[in-house]
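J.: Got a file for you: coords-v2.cif, mmCIF, C-alpha atoms.
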```cif
data_entry
loop_
_atom_site.label_atom_id
_atom_site.label_comp_id
_atom_site.auth_asym_id
_atom_site.auth_seq_id
_atom_site.Cartn_x
_atom_site.Cartn_y
_atom_site.Cartn_z
CA MET A 1013 0.00 0.00 0.00
CA ALA A 1014 1.27 3.48 -0.83
CA GLN A 1015 -0.04 7.01 -1.21
CA HIS A 1016 -1.01 8.16 -4.68
CA PRO A 1017 1.79 9.95 -6.57
CA GLY A 1018 1.41 13.68 -6.03
CA PHE A 1019 -0.72 13.22 -2.90
CA SER A 1020 1.95 12.07 -0.46
CA HIS A 1021 2.04 13.93 2.86
CA SER A 1022 5.49 15.19 3.89
CA GLN A 1023 4.76 14.77 7.61
CA PHE A 1024 3.23 11.29 7.23
CA PRO A 1025 5.16 9.56 4.43
CA ASN A 1026 4.14 6.07 5.59
CA HIS A 1027 0.41 6.80 5.83
CA VAL A 1028 -2.16 5.73 3.25
CA CYS A 1029 -5.63 7.04 2.38
CA LYS A 1030 -8.68 5.46 3.93
CA LEU A 1031 -11.66 4.99 1.62
CA GLU A 1032 -14.83 5.78 3.51
CA LYS A 1033 -17.34 4.84 0.84
CA SER A 1034 -17.39 3.96 -2.85
CA LEU A 1035 -20.23 3.33 -5.25
CA TYR A 1036 -18.11 2.35 -8.23
CA GLY A 1037 -18.41 -1.37 -8.93
CA LEU A 1038 -21.39 -1.89 -6.63
CA ARG A 1039 -24.85 -2.94 -7.75
CA GLN A 1040 -26.41 0.44 -6.97
CA ALA A 1041 -23.74 2.38 -8.89
CA PRO A 1042 -25.38 2.18 -12.37
CA ARG A 1043 -28.76 3.13 -10.94
CA ALA A 1044 -27.33 6.07 -8.98
CA TRP A 1045 -25.47 7.30 -12.06
CA PHE A 1046 -28.49 6.95 -14.31
CA LEU A 1047 -30.75 8.71 -11.81
CA ARG A 1048 -28.40 11.67 -11.53
CA LEU A 1049 -28.04 11.99 -15.30
CA THR A 1050 -31.79 11.60 -15.81
CA ASN A 1051 -32.58 14.35 -13.32
CA LYS A 1052 -30.15 16.67 -15.07
CA LEU A 1053 -31.72 15.99 -18.46
CA LYS A 1054 -35.22 16.57 -17.13
CA SER A 1055 -34.09 19.85 -15.60
CA ILE A 1056 -33.20 21.12 -19.09
CA SER A 1057 -36.58 20.08 -20.56
CA PHE A 1058 -35.74 16.61 -21.93
CA LEU A 1059 -38.53 14.03 -21.81
CA GLY A 1060 -37.85 10.35 -21.26
CA SER A 1061 -39.24 7.82 -23.73
CA GLN A 1062 -41.83 5.43 -22.32
CA ALA A 1063 -40.84 2.74 -24.82
CA ASP A 1064 -37.06 2.97 -24.33
CA HIS A 1065 -35.85 4.29 -20.97
CA SER A 1066 -32.39 5.03 -22.35
CA LEU A 1067 -33.82 7.52 -24.89
CA PHE A 1068 -34.54 11.18 -24.10
CA VAL A 1069 -36.10 13.71 -26.47
CA TYR A 1070 -36.05 17.50 -26.46
CA HIS A 1071 -38.65 19.18 -28.67
CA HIS A 1072 -39.18 22.94 -28.63
CA ASN A 1073 -40.49 24.85 -31.65
CA SER A 1074 -38.40 23.61 -34.60
CA ILE A 1075 -35.55 22.24 -32.47
CA LEU A 1076 -35.48 18.47 -32.00
CA ILE A 1077 -32.69 16.68 -30.08
CA TYR A 1078 -32.32 12.94 -29.38
CA PHE A 1079 -30.21 11.78 -26.44
CA LEU A 1080 -29.38 8.06 -26.21
CA ILE A 1081 -27.58 6.56 -23.18
CA TYR A 1082 -25.73 3.28 -22.75
CA VAL A 1083 -24.19 3.32 -19.23
CA ASP A 1084 -21.65 6.16 -19.59
CA ASP A 1085 -21.54 6.20 -23.42
CA ILE A 1086 -23.85 8.73 -25.06
CA ILE A 1087 -25.04 9.53 -28.57
CA ILE A 1088 -26.63 12.92 -29.15
CA THR A 1089 -28.09 14.18 -32.42
CA GLY A 1090 -30.60 16.77 -33.48
CA SER A 1091 -31.78 19.37 -35.96
CA ASP A 1092 -29.63 22.25 -34.67
CA ILE A 1093 -25.89 21.96 -33.97
CA GLY A 1094 -25.90 25.08 -31.79
CA SER A 1095 -28.53 23.61 -29.46
CA ILE A 1096 -26.59 20.33 -29.29
CA ASN A 1097 -23.42 22.18 -28.24
CA GLN A 1098 -25.44 24.06 -25.63
CA VAL A 1099 -26.70 20.78 -24.14
CA ILE A 1100 -23.12 19.43 -24.00
CA THR A 1101 -21.99 22.62 -22.23
CA LEU A 1102 -24.76 22.29 -19.64
CA LEU A 1103 -23.81 18.67 -18.97
CA GLN A 1104 -20.13 19.57 -18.57
CA GLY A 1105 -21.10 21.67 -15.57
CA ASP A 1106 -22.11 18.53 -13.65
CA PHE A 1107 -20.27 15.68 -15.41
CA ALA A 1108 -16.87 15.04 -16.94
CA VAL A 1109 -18.23 14.94 -20.48
CA LYS A 1110 -15.86 14.56 -23.41
CA ASP A 1111 -17.02 15.46 -26.91
CA MET A 1112 -15.76 12.72 -29.25
CA GLY A 1113 -16.92 14.51 -32.39
CA GLU A 1114 -18.99 13.02 -35.19
CA LEU A 1115 -20.23 9.46 -34.62
CA ASN A 1116 -17.87 6.91 -36.17
CA TYR A 1117 -17.37 4.16 -33.57
CA PHE A 1118 -19.74 3.21 -30.76
CA LEU A 1119 -19.85 0.01 -28.70
CA ASN A 1120 -17.86 -1.97 -31.32
CA ASN A 1121 -20.10 -0.61 -34.09
CA GLU A 1122 -18.60 1.44 -36.90
CA ALA A 1123 -20.72 4.17 -38.47
CA ILE A 1124 -19.55 5.01 -42.00
CA ARG A 1125 -21.15 7.92 -43.82
CA THR A 1126 -21.39 7.83 -47.62
CA ASP A 1127 -23.56 9.41 -50.30
CA ASP A 1128 -25.87 6.37 -50.09
CA GLY A 1129 -26.52 6.76 -46.38
CA LEU A 1130 -25.11 5.46 -43.09
CA TYR A 1131 -23.43 2.05 -43.02
CA LEU A 1132 -23.32 0.20 -39.69
CA SER A 1133 -20.48 -2.30 -39.57
CA GLN A 1134 -18.62 -4.43 -37.02
CA ARG A 1135 -15.53 -5.11 -39.08
CA ARG A 1136 -13.08 -4.52 -36.23
CA TYR A 1137 -15.11 -6.70 -33.92
CA ILE A 1138 -15.09 -9.52 -36.49
CA LEU A 1139 -11.31 -9.28 -36.82
CA ASP A 1140 -10.94 -9.50 -33.05
CA LEU A 1141 -13.30 -12.51 -32.96
CA LEU A 1142 -11.30 -14.29 -35.66
CA MET A 1143 -8.06 -13.65 -33.75
CA ARG A 1144 -9.52 -14.94 -30.47
CA SER A 1145 -10.73 -18.14 -32.12
CA LYS A 1146 -7.48 -18.52 -34.15
CA MET A 1147 -9.55 -18.54 -37.35
CA ASP A 1148 -7.91 -15.48 -38.93
CA LYS A 1149 -5.96 -17.76 -41.33
CA ALA A 1150 -8.94 -19.99 -42.16
CA LYS A 1151 -10.34 -20.41 -45.65
CA PRO A 1152 -13.40 -18.20 -46.34
CA CYS A 1153 -16.82 -19.79 -46.84
CA LEU A 1154 -19.78 -18.61 -48.93
CA THR A 1155 -22.56 -19.58 -46.46
CA PRO A 1156 -22.64 -19.63 -42.63
CA MET A 1157 -24.12 -23.12 -42.29
CA SER A 1158 -25.86 -25.97 -44.05
CA THR A 1159 -29.64 -25.83 -43.68
CA SER A 1160 -29.91 -29.60 -44.09
CA LEU A 1161 -27.54 -30.43 -41.21
CA PRO A 1162 -29.54 -31.56 -38.13
CA LEU A 1163 -27.97 -30.46 -34.83
CA SER A 1164 -28.72 -32.40 -31.66
CA LYS A 1165 -27.44 -32.11 -28.11
CA PHE A 1166 -27.12 -35.91 -27.88
CA ALA A 1167 -25.03 -36.64 -30.98
CA GLY A 1168 -21.26 -36.50 -31.28
CA ILE A 1169 -18.22 -36.15 -29.00
CA THR A 1170 -18.03 -33.54 -26.25
CA PHE A 1171 -15.97 -30.50 -27.24
CA HIS A 1172 -12.68 -30.31 -25.33
CA ASP A 1173 -12.92 -26.55 -24.50
CA PRO A 1174 -16.49 -25.52 -23.55
CA SER A 1175 -15.27 -22.10 -22.30
CA LEU A 1176 -13.92 -21.24 -25.74
CA TYR A 1177 -17.22 -22.30 -27.34
CA ARG A 1178 -19.26 -20.12 -24.97
CA SER A 1179 -16.94 -17.16 -25.44
CA ILE A 1180 -17.02 -17.26 -29.24
CA VAL A 1181 -20.76 -17.92 -29.49
CA GLY A 1182 -21.41 -15.09 -27.02
CA GLY A 1183 -19.36 -12.83 -29.28
CA LEU A 1184 -21.36 -13.96 -32.29
CA GLN A 1185 -24.60 -13.07 -30.50
CA TYR A 1186 -23.39 -9.50 -30.09
CA LEU A 1187 -22.34 -9.46 -33.74
CA SER A 1188 -25.89 -10.24 -34.86
CA PHE A 1189 -26.89 -6.66 -33.94
CA THR A 1190 -25.71 -5.55 -37.38
CA ARG A 1191 -25.64 -8.88 -39.22
CA PRO A 1192 -29.16 -10.33 -39.65
CA ASP A 1193 -27.78 -12.75 -42.25
CA ILE A 1194 -26.24 -14.88 -39.48
CA ALA A 1195 -29.15 -14.67 -37.01
CA PHE A 1196 -30.51 -18.14 -37.84
CA ALA A 1197 -27.08 -19.80 -37.67
CA ILE A 1198 -26.28 -18.13 -34.34
CA HIS A 1199 -29.63 -19.24 -32.97
CA LYS A 1200 -28.74 -22.83 -33.81
CA VAL A 1201 -25.31 -22.90 -32.13
CA SER A 1202 -26.51 -20.93 -29.08
CA LYS A 1203 -28.71 -23.84 -28.01
CA PHE A 1204 -25.71 -25.96 -27.03
CA MET A 1205 -23.82 -23.58 -24.73
CA HIS A 1206 -24.30 -25.88 -21.73
CA ASN A 1207 -22.68 -28.93 -23.36
CA PRO A 1208 -21.14 -28.27 -26.78
CA MET A 1209 -20.09 -31.11 -29.05
CA GLU A 1210 -17.40 -31.32 -31.71
CA MET A 1211 -20.11 -31.09 -34.38
CA HIS A 1212 -21.39 -27.84 -32.88
CA TRP A 1213 -17.89 -26.33 -32.84
CA ALA A 1214 -17.51 -27.24 -36.51
CA VAL A 1215 -20.66 -25.21 -37.27
CA VAL A 1216 -19.26 -22.27 -35.27
CA LYS A 1217 -16.04 -22.41 -37.29
CA ARG A 1218 -18.05 -22.34 -40.50
CA ILE A 1219 -19.84 -19.20 -39.31
CA LEU A 1220 -16.45 -17.61 -38.62
CA ARG A 1221 -15.22 -18.59 -42.09
CA TYR A 1222 -18.34 -16.99 -43.56
CA LEU A 1223 -17.68 -13.82 -41.56
CA LYS A 1224 -14.16 -13.70 -42.95
CA HIS A 1225 -15.62 -13.87 -46.45
CA THR A 1226 -18.21 -11.14 -45.72
CA ILE A 1227 -16.18 -9.01 -43.30
CA SER A 1228 -17.03 -5.81 -45.20
CA HIS A 1229 -20.78 -6.42 -45.19
CA SER A 1230 -22.76 -3.85 -43.28
CA LEU A 1231 -26.26 -2.59 -42.63
CA LEU A 1232 -27.34 0.39 -44.73
CA ILE A 1233 -29.61 3.08 -43.24
CA GLN A 1234 -30.85 5.52 -45.88
CA PRO A 1235 -32.67 8.82 -45.55
CA THR A 1236 -36.35 8.35 -46.36
CA THR A 1237 -39.68 10.07 -46.08
CA ASN A 1238 -41.52 6.75 -46.17
CA VAL A 1239 -42.59 5.84 -42.63
CA THR A 1240 -44.63 2.78 -43.60
CA LEU A 1241 -43.92 -0.30 -41.48
CA GLN A 1242 -43.80 -3.67 -43.25
CA THR A 1243 -42.97 -6.99 -41.63
CA PHE A 1244 -42.00 -10.34 -43.12
CA SER A 1245 -42.71 -13.34 -40.91
CA ASP A 1246 -41.95 -17.04 -41.17
CA ALA A 1247 -41.62 -20.14 -39.00
CA ASP A 1248 -39.72 -23.40 -39.28
CA TRP A 1249 -42.17 -25.97 -37.95
CA ALA A 1250 -40.88 -28.65 -35.52
CA SER A 1251 -37.31 -28.20 -36.73
CA ASP A 1252 -35.60 -29.13 -33.46
CA PRO A 1253 -34.98 -32.91 -33.37
CA ASP A 1254 -34.65 -32.87 -29.56
CA ASP A 1255 -37.86 -31.15 -28.43
CA ARG A 1256 -39.70 -30.57 -31.75
CA ARG A 1257 -40.22 -26.87 -31.09
CA SER A 1258 -40.56 -24.49 -34.01
CA VAL A 1259 -38.37 -21.50 -34.83
CA GLY A 1260 -40.07 -18.17 -35.52
CA ALA A 1261 -38.43 -15.28 -37.33
CA TYR A 1262 -39.33 -11.85 -38.63
CA CYS A 1263 -37.80 -8.69 -40.04
CA VAL A 1264 -39.34 -5.22 -39.81
CA TYR A 1265 -38.82 -2.47 -42.40
CA LEU A 1266 -39.39 1.24 -41.90
CA GLY A 1267 -39.62 2.34 -45.50
CA ASN A 1268 -36.64 0.65 -47.16
CA ASN A 1269 -34.61 0.42 -43.95
CA LEU A 1270 -34.36 -2.75 -41.91
CA VAL A 1271 -34.88 -1.65 -38.29
CA SER A 1272 -35.65 -4.84 -36.36
CA TRP A 1273 -35.27 -8.60 -36.75
CA SER A 1274 -35.42 -11.71 -34.63
CA CYS A 1275 -34.92 -15.46 -34.90
CA LYS A 1276 -35.97 -17.41 -31.80
CA GLN A 1277 -37.30 -20.79 -30.79
CA GLN A 1278 -40.95 -20.78 -29.77
CA GLN A 1279 -41.76 -21.58 -26.16
CA THR A 1280 -44.30 -24.32 -26.82
CA VAL A 1281 -44.68 -27.23 -29.24
CA THR A 1282 -47.11 -26.52 -32.08
CA ARG A 1283 -49.39 -29.09 -33.68
CA SER A 1284 -49.24 -27.71 -37.24
CA SER A 1285 -47.24 -25.37 -39.44
CA THR A 1286 -50.20 -22.99 -39.46
CA GLU A 1287 -50.11 -22.74 -35.68
CA SER A 1288 -46.36 -22.04 -35.64
CA GLU A 1289 -46.80 -19.35 -38.30
CA TYR A 1290 -49.68 -17.84 -36.33
CA LYS A 1291 -47.58 -17.66 -33.16
CA ALA A 1292 -44.77 -16.03 -35.14
CA LEU A 1293 -47.26 -13.39 -36.32
CA ALA A 1294 -48.29 -12.70 -32.72
CA ASN A 1295 -44.67 -12.03 -31.75
CA VAL A 1296 -44.31 -9.69 -34.73
CA ALA A 1297 -47.45 -7.79 -33.71
CA ALA A 1298 -46.01 -7.15 -30.26
CA GLU A 1299 -42.73 -5.92 -31.77
CA LEU A 1300 -44.62 -3.57 -34.12
CA GLN A 1301 -46.51 -2.03 -31.21
CA TRP A 1302 -43.22 -1.27 -29.48
CA ILE A 1303 -41.72 0.25 -32.64
CA LYS A 1304 -44.80 2.45 -33.04
CA LEU A 1305 -44.33 3.71 -29.48
CA VAL A 1306 -40.67 4.51 -30.17
CA LEU A 1307 -41.58 6.37 -33.37
CA ASN A 1308 -44.20 8.32 -31.49
CA ASP A 1309 -41.63 9.36 -28.85
CA LEU A 1310 -39.26 10.39 -31.65
CA GLY A 1311 -41.95 12.64 -33.10
CA VAL A 1312 -42.23 10.64 -36.32
CA PRO A 1313 -45.73 10.96 -37.85
CA PHE A 1314 -47.44 7.61 -38.34
CA VAL A 1315 -50.44 7.45 -40.65
CA HIS A 1316 -50.70 3.99 -42.24
CA SER A 1317 -51.29 0.74 -40.37
CA PRO A 1318 -48.33 -1.69 -40.45
CA ILE A 1319 -48.52 -4.56 -42.93
CA LEU A 1320 -47.83 -8.17 -41.89
CA TRP A 1321 -46.59 -10.39 -44.72
CA CYS A 1322 -46.97 -14.13 -44.11
CA ASP A 1323 -46.42 -17.02 -46.52
CA ASN A 1324 -48.97 -19.27 -44.81
CA ILE A 1325 -52.55 -18.81 -46.03
CA GLY A 1326 -54.03 -20.57 -42.99
CA ALA A 1327 -52.25 -18.27 -40.55
CA THR A 1328 -53.35 -15.24 -42.57
CA TYR A 1329 -56.98 -16.38 -42.40
CA LEU A 1330 -56.72 -16.97 -38.66
CA THR A 1331 -55.82 -13.31 -38.12
CA SER A 1332 -59.16 -12.10 -39.51
CA ASN A 1333 -61.59 -15.03 -39.74
CA PRO A 1334 -63.08 -16.25 -36.43
CA ILE A 1335 -64.69 -19.23 -38.19
CA PHE A 1336 -61.45 -21.15 -37.55
CA HIS A 1337 -62.04 -20.99 -33.79
CA ALA A 1338 -62.62 -24.76 -33.58
CA ARG A 1339 -59.09 -25.40 -34.85
CA THR A 1340 -57.47 -22.99 -32.39
CA LYS A 1341 -59.04 -23.98 -29.06
CA HIS A 1342 -55.71 -25.30 -27.82
CA ILE A 1343 -53.80 -22.10 -28.71
CA GLU A 1344 -53.09 -19.81 -25.78
CA ILE A 1345 -55.11 -16.61 -25.61
CA ASP A 1346 -52.12 -14.27 -25.85
CA PHE A 1347 -51.34 -15.51 -29.36
CA HIS A 1348 -54.74 -14.18 -30.53
CA TYR A 1349 -53.36 -10.70 -29.88
CA VAL A 1350 -52.62 -10.31 -33.58
CA ARG A 1351 -56.25 -11.11 -34.47
CA ASP A 1352 -57.46 -8.32 -32.17
CA GLN A 1353 -55.06 -5.87 -33.81
CA VAL A 1354 -56.28 -6.80 -37.30
CA MET A 1355 -59.93 -6.51 -36.25
CA ARG A 1356 -59.30 -2.97 -34.92
CA GLY A 1357 -57.55 -1.96 -38.12
CA GLN A 1358 -54.23 -1.37 -36.34
CA LEU A 1359 -52.53 -4.06 -38.46
CA ILE A 1360 -53.02 -5.35 -41.99
CA SER A 1361 -52.32 -9.05 -42.60
CA MET A 1362 -51.35 -9.99 -46.15
CA PRO A 1363 -50.35 -13.32 -47.77
CA MET A 1364 -47.05 -13.25 -49.61
CA LEU A 1365 -46.88 -14.17 -53.29
CA SER A 1366 -44.43 -16.75 -54.51
CA GLN A 1367 -42.08 -14.15 -55.99
CA ASN A 1368 -41.61 -12.31 -52.70
CA ARG A 1369 -41.90 -15.12 -50.20
CA PHE A 1370 -39.67 -14.93 -47.14
CA HIS A 1371 -38.04 -18.06 -45.72
CA LEU A 1372 -35.86 -18.68 -42.70
CA SER A 1373 -33.04 -19.50 -45.09
CA ASP A 1374 -32.94 -15.79 -45.92
CA PHE A 1375 -31.46 -15.27 -42.49
CA ILE A 1376 -28.52 -17.21 -43.89
CA LEU A 1377 -28.21 -15.96 -47.46
CA CYS A 1378 -27.98 -12.20 -47.88
CA GLU A 1379 -29.70 -11.32 -51.12
CA THR A 1380 -32.04 -8.96 -52.96
CA ILE A 1381 -34.76 -9.77 -55.48
CA SER A 1382 -35.12 -7.39 -58.40
CA GLY A 1383 -38.43 -5.60 -58.62
CA PHE A 1384 -39.23 -5.93 -54.92
CA GLY A 1385 -36.60 -3.74 -53.26
CA PRO A 1386 -34.75 -4.98 -50.20
CA TYR A 1387 -35.84 -8.58 -49.59
CA PRO A 1388 -35.66 -9.23 -46.81
CA PHE A 1389 -32.04 -8.26 -46.11
CA ASP A 1390 -29.94 -5.96 -48.23
CA CYS A 1391 -26.39 -6.33 -46.90
CA ARG A 1392 -23.89 -4.39 -48.96
CA GLY A 1393 -20.12 -4.20 -48.89
CA VAL A 1394 -18.33 -0.96 -48.13
#
```
As structure tokens, please, write out the structure in this file.
T.:
Amino acid sequence: MAQHPGFSHSQFPNHVCKLEKSLYGLRQAPRAWFLRLTNKLKSISFLGSQADHSLFVYHHNSILIYFLIYVDDIIITGSDIGSINQVITLLQGDFAVKDMGELNYFLNNEAIRTDDGLYLSQRRYILDLLMRSKMDKAKPCLTPMSTSLPLSKFAGITFHDPSLYRSIVGGLQYLSFTRPDIAFAIHKVSKFMHNPMEMHWAVVKRILRYLKHTISHSLLIQPTTNVTLQTFSDADWASDPDDRRSVGAYCVYLGNNLVSWSCKQQQTVTRSSTESEYKALANVAAELQWIKLVLNDLGVPFVHSPILWCDNIGATYLTSNPIFHARTKHIEIDFHYVRDQVMRGQLISMPMLSQNRFHLSDFILCETISGFGPYPFDCRGV
């Protein structure tokens, strides 16, 4: 133990400082920090979003400022640079705030501005992941996984380093924030974190080889005046050989921009493909309601009802036709949420045609179809 350099006492050279109390590192520290910052923002007329508690909005006359918090990292943007600088100055009076300039790197996400729009990329993070897994010299691969390969927790030999498997798969989960094309593959390998096999590690390595091949792929966010919400939904019925649960997936577009996506295993076993598709639609409906709340807090005008695209005719009929009640007695009530939304006119359910049908395999292959715009993922290289 020693005194801090520059703080040593000439009369007591052998003494040390006694720490009376510290919040840093304790459970209440993040809450205390967030509460203090929140109170400061509210004192300068910011309003907290009800949909996202890390988002604060300032709206006065023609001035609009968005303030987004992640622990002690902050993104601030708005319609007037002078007002933004004024907010930063006010915060510097109470906090040690450092202005990092224009957004270019945030939480392992690169923001690259071009004439086309804003590209969100995790290139550096991928390079670090390849180095950690010693796959930086591996041969690139065109696809992240084989859709015909069944993965089971009972088949194969136990992997010799489960900690490495969990570390790499955990890193891949964070990577899926900007890479929807690997969402389905990551979902598959994440199911075996408790007891990974050699076969599962081989699939992880293939995902890493695919990432090496597509390291420059990124998510494009373009300026648009189109605030129409469209959602593509699909389900893979009884695809898990261990518990026969289905996998539901969706992607949500605001105009031409992909703003939300998910690929998760459903909580219960379904008795038909129509039922699994119907449950996937219910999850999409809940996500759309949240997005509408966020848009409302952002001050984005919302006129048209969101459109749900589904490639299952039976599930589409279930959303608007109560005559199928006899076939859905066993379905839990909360999954009929989408039907209530359609009946009230808050959602529009539409069957997809063959030329624009969305499949779970599209979470693996990143592609576009001419004549239909971004479908359903438009990942472009920088």
J.: Running the PyMOL selection byres ((chain A and resi 1038-1053) around 9) on this model by hand, what would come out? Give it as a list of chain:residue names.
T.: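 With the shown file as input, the PyMOL selection byres ((chain A and resi 1038-1053) around 9) matches A:Ser1034, A:Leu1035, A:Tyr1036, A:Gly1037, A:Lys1054, A:Ser1055, A:Ile1056, A:Ser1057, A:Phe1058, A:Leu1059, A:Gly1060, A:Phe1068, A:Ile1081, A:Val1083, A:Asp1084, A:Val1099, A:Leu1103, A:Asp1106, A:Phe1107.
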J.: Could you tell me how far CA of Ser1188 in chain A lies from CA of Val1069 in chain A, in Å and to one decimal?
T.: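 Calculated distance between CA of Ser1188 in chain A and CA of Val1069 in chain A is 27.4 Å.
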J.: CA of Ile1198 in chain A and CA of Asp1246 in chain A, how far apart in Å?
T.: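 Spanning CA of Asp1246 in chain A to CA of Ile1198 in chain A is a straight-line distance of 17.1 Å.
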J.: Go through A:His1206, A:Arg1136, A:Lys1217, A:His1199 one by one, measure the shortest atom-to-atom distance of each to Lys1165 in chain A using only C-alpha atoms, and give the residue with the smallest value.
T.: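 Among the listed residues, the smallest separation from Lys1165 in chain A belongs to A:His1206.
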J.: Please determine, counting all atoms listed in the file, which residue among A:Pro1192, A:Gly1129, A:Pro1152, A:Gly1357 has the shortest atom-to-atom distance to Tyr1222 in chain A.
T.: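 Under the stated criterion, the closest residue is A:Pro1152.
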J.: Would you please work out which residue, of A:Ala1063, A:Tyr1186, A:Lys1304, A:Met1157, is nearest to Ala1214 in chain A when using all atoms listed in the file?
T.: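 Smallest separation from Ala1214 in chain A among the options: A:Met1157.
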J.: Ranking A:Gln1185, A:Leu1266, A:Pro1235, A:Pro1162 by minimum distance to Ser1251 in chain A and counting only C-alpha atoms, which one comes first?
T.: A:Pro1162
J.: Give the answer as one residue: which of A:Lys1151, A:His1316, A:Arg1221, A:Lys1203 has the shortest atom-to-atom distance to Asn1238 in chain A, using all atoms listed in the file?
T.: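 Distance minimum relative to Asn1238 in chain A lands on A:His1316.
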J.: Of the residues A:Met1112, A:Gln1062, A:Trp1273, A:Val1216, which is the one nearest to Leu1142 in chain A, using only C-alpha atoms?
T.: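 Smallest separation from Leu1142 in chain A among the options: A:Val1216.
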J.: Find the distance between CA of Ser1361 in chain A and CA of Val1264 in chain A and write it in Å to one decimal.
T.: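 Between CA of Ser1361 in chain A and CA of Val1264 in chain A the gap works out to 13.8 Å.
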